[in-house]
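Novice: Below are the structure tokens for one structure; questions will follow.
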Amino acid sequence: MALVIRTATPDDTGGILAIYRPFIEHSHSSFETEVPTLDAMGTRISSGMERFPWLVAAADDMVAGYVYAGSHRSRTAYQWSVEVSVYIHPDYYRRNLGRALYTALFAVLAAQGYFNAYAGITPPNPGSLALHTSMGFQYIGIYEKVGYKQGAWHDVTWWVRVLHPHRTDPPSPLLFPTLPTEW
């Protein structure tokens, strides 16, 4: 079964939500506590893609995993930094799908003109930690007991990956829709 990494479409919303739902309901990996409706998730994806990529790995008609970027902070001086997340269907764990998705995402983000990608990991999460460190993320700090979910307080460790060398007077990043749709 061949996997294709491409831009998410409205038809992928159900597959994305199916992958994300268990992380909301049974995990502290996401601090979201209520599963969004299909319409709400579709709106989240389409509004996010006004500026940032949402990519899926598709195997036939199934979404095997997805990755996306969003704003790191809202102030103008942060515009060259993004926050990233990746989610994989359990049937595709340990197949380097996270690596493939992140590789495609980082290429798009660099082409858009972003410099820094940040990721938050709620410990313990050895799989996510292994993926992020293998992708060149460096540990930068911890928010201790920052989120309360499933009857416990949770820390979030923060990681950064530089997408390309920093330079003086960078132009504003390009909007995602101005780039190609397949990688």
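Residue names in the structure tokens use chain letters A, B, ... in the order shown, residue numbers from 1 in each chain, and ligand numbers from 1 in the order shown.
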Please provide as a PyMOL selection string all residues within 12 Å of Ser134 in chain A, with the sequence filter that same-chain residues fewer than 2 positions apart are discarded (counting only C-alpha atoms).

Specialist: chain A and resi 96+98-100+102-103+126-132+136-138+161

Novice: Quick one: everything within 7 Å of range 14-19 of chain A, counting only C-alpha atoms, minus sequence neighbours fewer than 3 positions away in the same chain. Send it as JSON, numbers by chain.

Specialist: {"A": [22, 38, 62, 63, 66, 87, 88, 89]}

Novice: Please, could you write that set of residues out with all heavy atoms as a PDB file, in the first residue's frame?

Specialist:
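As written to disk, out22.pdb reads:
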ATOM      1  N   PRO A  22      -8.955   9.631  19.919  1.00  0.00           N
ATOM      2  CA  PRO A  22      -8.398   8.899  21.070  1.00  0.00           C
ATOM      3  C   PRO A  22      -7.397   9.718  21.891  1.00  0.00           C
ATOM      4  O   PRO A  22      -7.266   9.510  23.093  1.00  0.00           O
ATOM      5  CB  PRO A  22      -7.707   7.686  20.447  1.00  0.00           C
ATOM      6  CG  PRO A  22      -8.279   7.550  19.090  1.00  0.00           C
ATOM      7  CD  PRO A  22      -8.711   8.912  18.662  1.00  0.00           C
ATOM      8  N   LEU A  38     -17.475  17.184  13.589  1.00  0.00           N
ATOM      9  CA  LEU A  38     -16.890  17.100  12.252  1.00  0.00           C
ATOM     10  C   LEU A  38     -16.836  18.489  11.613  1.00  0.00           C
ATOM     11  O   LEU A  38     -15.814  18.871  11.024  1.00  0.00           O
ATOM     12  CB  LEU A  38     -17.691  16.119  11.398  1.00  0.00           C
ATOM     13  CG  LEU A  38     -17.065  15.690  10.088  1.00  0.00           C
ATOM     14  CD1 LEU A  38     -15.749  14.958  10.324  1.00  0.00           C
ATOM     15  CD2 LEU A  38     -18.024  14.790   9.318  1.00  0.00           C
ATOM     16  N   MET A  62      -7.791   6.100   3.077  1.00  0.00           N
ATOM     17  CA  MET A  62      -7.640   6.244   4.517  1.00  0.00           C
ATOM     18  C   MET A  62      -6.563   7.271   4.855  1.00  0.00           C
ATOM     19  O   MET A  62      -5.517   7.312   4.220  1.00  0.00           O
ATOM     20  CB  MET A  62      -7.255   4.901   5.137  1.00  0.00           C
ATOM     21  CG  MET A  62      -7.077   4.952   6.623  1.00  0.00           C
ATOM     22  SD  MET A  62      -6.537   3.336   7.234  1.00  0.00           S
ATOM     23  CE  MET A  62      -5.978   3.794   8.854  1.00  0.00           C
ATOM     24  N   VAL A  63      -6.823   8.090   5.876  1.00  0.00           N
ATOM     25  CA  VAL A  63      -5.801   8.988   6.402  1.00  0.00           C
ATOM     26  C   VAL A  63      -4.992   8.185   7.413  1.00  0.00           C
ATOM     27  O   VAL A  63      -5.518   7.743   8.434  1.00  0.00           O
ATOM     28  CB  VAL A  63      -6.428  10.237   7.056  1.00  0.00           C
ATOM     29  CG1 VAL A  63      -5.345  11.099   7.692  1.00  0.00           C
ATOM     30  CG2 VAL A  63      -7.215  11.048   6.038  1.00  0.00           C
ATOM     31  N   TYR A  66      -1.390  12.687  10.036  1.00  0.00           N
ATOM     32  CA  TYR A  66      -1.433  14.079   9.588  1.00  0.00           C
ATOM     33  C   TYR A  66      -0.485  14.915  10.429  1.00  0.00           C
ATOM     34  O   TYR A  66      -0.084  14.543  11.525  1.00  0.00           O
ATOM     35  CB  TYR A  66      -2.860  14.628   9.614  1.00  0.00           C
ATOM     36  CG  TYR A  66      -3.454  14.836  10.988  1.00  0.00           C
ATOM     37  CD1 TYR A  66      -3.460  16.097  11.582  1.00  0.00           C
ATOM     38  CD2 TYR A  66      -4.036  13.784  11.691  1.00  0.00           C
ATOM     39  CE1 TYR A  66      -4.012  16.293  12.836  1.00  0.00           C
ATOM     40  CE2 TYR A  66      -4.600  13.978  12.941  1.00  0.00           C
ATOM     41  CZ  TYR A  66      -4.578  15.242  13.508  1.00  0.00           C
ATOM     42  OH  TYR A  66      -5.126  15.433  14.754  1.00  0.00           O
ATOM     43  N   TYR A  87       0.176  13.563  14.238  1.00  0.00           N
ATOM     44  CA  TYR A  87      -0.628  12.468  14.788  1.00  0.00           C
ATOM     45  C   TYR A  87      -0.669  11.337  13.773  1.00  0.00           C
ATOM     46  O   TYR A  87      -0.878  11.573  12.573  1.00  0.00           O
ATOM     47  CB  TYR A  87      -2.057  12.940  15.098  1.00  0.00           C
ATOM     48  CG  TYR A  87      -2.119  13.915  16.246  1.00  0.00           C
ATOM     49  CD1 TYR A  87      -2.054  15.286  16.027  1.00  0.00           C
ATOM     50  CD2 TYR A  87      -2.234  13.463  17.555  1.00  0.00           C
ATOM     51  CE1 TYR A  87      -2.107  16.181  17.083  1.00  0.00           C
ATOM     52  CE2 TYR A  87      -2.290  14.353  18.619  1.00  0.00           C
ATOM     53  CZ  TYR A  87      -2.224  15.702  18.372  1.00  0.00           C
ATOM     54  OH  TYR A  87      -2.267  16.583  19.427  1.00  0.00           O
ATOM     55  N   ILE A  88      -0.492  10.117  14.262  1.00  0.00           N
ATOM     56  CA  ILE A  88      -0.428   8.940  13.398  1.00  0.00           C
ATOM     57  C   ILE A  88      -1.477   7.929  13.841  1.00  0.00           C
ATOM     58  O   ILE A  88      -1.670   7.699  15.040  1.00  0.00           O
ATOM     59  CB  ILE A  88       0.975   8.278  13.483  1.00  0.00           C
ATOM     60  CG1 ILE A  88       2.087   9.301  13.208  1.00  0.00           C
ATOM     61  CG2 ILE A  88       1.081   7.069  12.559  1.00  0.00           C
ATOM     62  CD1 ILE A  88       2.079   9.913  11.847  1.00  0.00           C
ATOM     63  N   HIS A  89      -2.134   7.305  12.887  1.00  0.00           N
ATOM     64  CA  HIS A  89      -3.056   6.202  13.185  1.00  0.00           C
ATOM     65  C   HIS A  89      -2.241   5.046  13.766  1.00  0.00           C
ATOM     66  O   HIS A  89      -1.154   4.735  13.251  1.00  0.00           O
ATOM     67  CB  HIS A  89      -3.770   5.767  11.910  1.00  0.00           C
ATOM     68  CG  HIS A  89      -4.870   4.796  12.144  1.00  0.00           C
ATOM     69  ND1 HIS A  89      -4.635   3.465  12.409  1.00  0.00           N
ATOM     70  CD2 HIS A  89      -6.211   4.970  12.174  1.00  0.00           C
ATOM     71  CE1 HIS A  89      -5.783   2.848  12.586  1.00  0.00           C
ATOM     72  NE2 HIS A  89      -6.755   3.746  12.456  1.00  0.00           N
TER      73      HIS A  89
END

Novice: Ranking A:Ser71, A:Gln112, A:Asn125, A:Thr33 by minimum distance to Val84 in chain A and counting only C-alpha atoms, which one comes first?

Specialist: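 Checking each of A:Ser71, A:Gln112, A:Asn125, A:Thr33 against Val84 in chain A, counting only C-alpha atoms, the winner is A:Ser71.
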
Novice: Taking only C-alpha atoms into account, name the residue in A:Leu105, A:Ala111, A:Trp54, A:His28 that is nearest to Thr178 in chain A.

Specialist: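 Residue with the minimum atom-to-atom distance to Thr178 in chain A: A:Ala111.
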
Novice: Which of these, A:Tyr139, A:Trp153, A:Phe52, A:Tyr118, has the shortest distance to Pro177 in chain A once you count only C-alpha atoms?

Specialist: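 Nearest candidate to Pro177 in chain A out of A:Tyr139, A:Trp153, A:Phe52, A:Tyr118: A:Phe52.
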
Novice: Have a look at CA of Pro173 in chain A and CA of Trp80 in chain A and let me know their distance in Å, one decimal.

Specialist: 6.6 Å

Novice: Neighbouring residues of Val156 in chain A were defined as those with any atom within 8 Å, considering only C-alpha atoms; residues of the same chain fewer than 2 positions away were excluded. Please report them as an NGL selection string.

Specialist: :A and (120-123 or 142-146 or 154 or 158)

Novice: Could you write those residues out with C-alpha atoms, as a PDB file, in the first residue's frame?

Specialist:
ATOM      1  CA  GLY A 120       5.275  20.700  23.066  1.00  0.00           C
ATOM      2  CA  ILE A 121       5.478  17.141  24.448  1.00  0.00           C
ATOM      3  CA  THR A 122       3.586  16.044  27.555  1.00  0.00           C
ATOM      4  CA  PRO A 123       5.734  13.447  29.362  1.00  0.00           C
ATOM      5  CA  ILE A 142       9.491  22.903  30.603  1.00  0.00           C
ATOM      6  CA  TYR A 143       6.168  24.315  31.730  1.00  0.00           C
ATOM      7  CA  GLU A 144       5.624  22.481  35.004  1.00  0.00           C
ATOM      8  CA  LYS A 145       2.098  21.363  35.917  1.00  0.00           C
ATOM      9  CA  VAL A 146       0.671  23.603  33.202  1.00  0.00           C
ATOM     10  CA  HIS A 154       0.837  17.542  33.566  1.00  0.00           C
ATOM     11  CA  TRP A 158       9.217  22.434  24.807  1.00  0.00           C
TER      12      TRP A 158
END

Novice: How far is it from CA of Ser85 in chain A to CA of Ala119 in chain A, in Å with one decimal?

Specialist: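 Separation between CA of Ser85 in chain A and CA of Ala119 in chain A: 6.7 Å.
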
Novice: Give me, as a PyMOL selection string, all polymer residues having an atom no more than 10 Å from Ser46 in chain A, counting only C-alpha atoms and skipping those fewer than 5 positions away in the same chain.

Specialist: chain A and resi 8-10+13+40-41+51-54

Novice: Write out as number ranges by chain all residues of range 22-151 of chain A that DSSP puts in alpha helix (DSSP H) for this structure's backbone.

Specialist: A: 22-26, 38-48, 97-112, 126-134

Novice: Hey, what does DSSP flag as strand (DSSP E) within chain A? Can you give it to me as number ranges by chain?

Specialist: A: 3-7, 54-59, 62-71, 81-88, 116-121, 138-149, 152-162

Novice: For Leu97 in chain A, work out the shell of residues within 8 Å, counting only C-alpha atoms and skipping chain neighbours fewer than 4 positions away, then give it as a list in words.

Specialist: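 Final neighbour list, sorted by chain and number: Ala57, Gly65, Ile88, Tyr92, Tyr93 and Leu101 of chain A.
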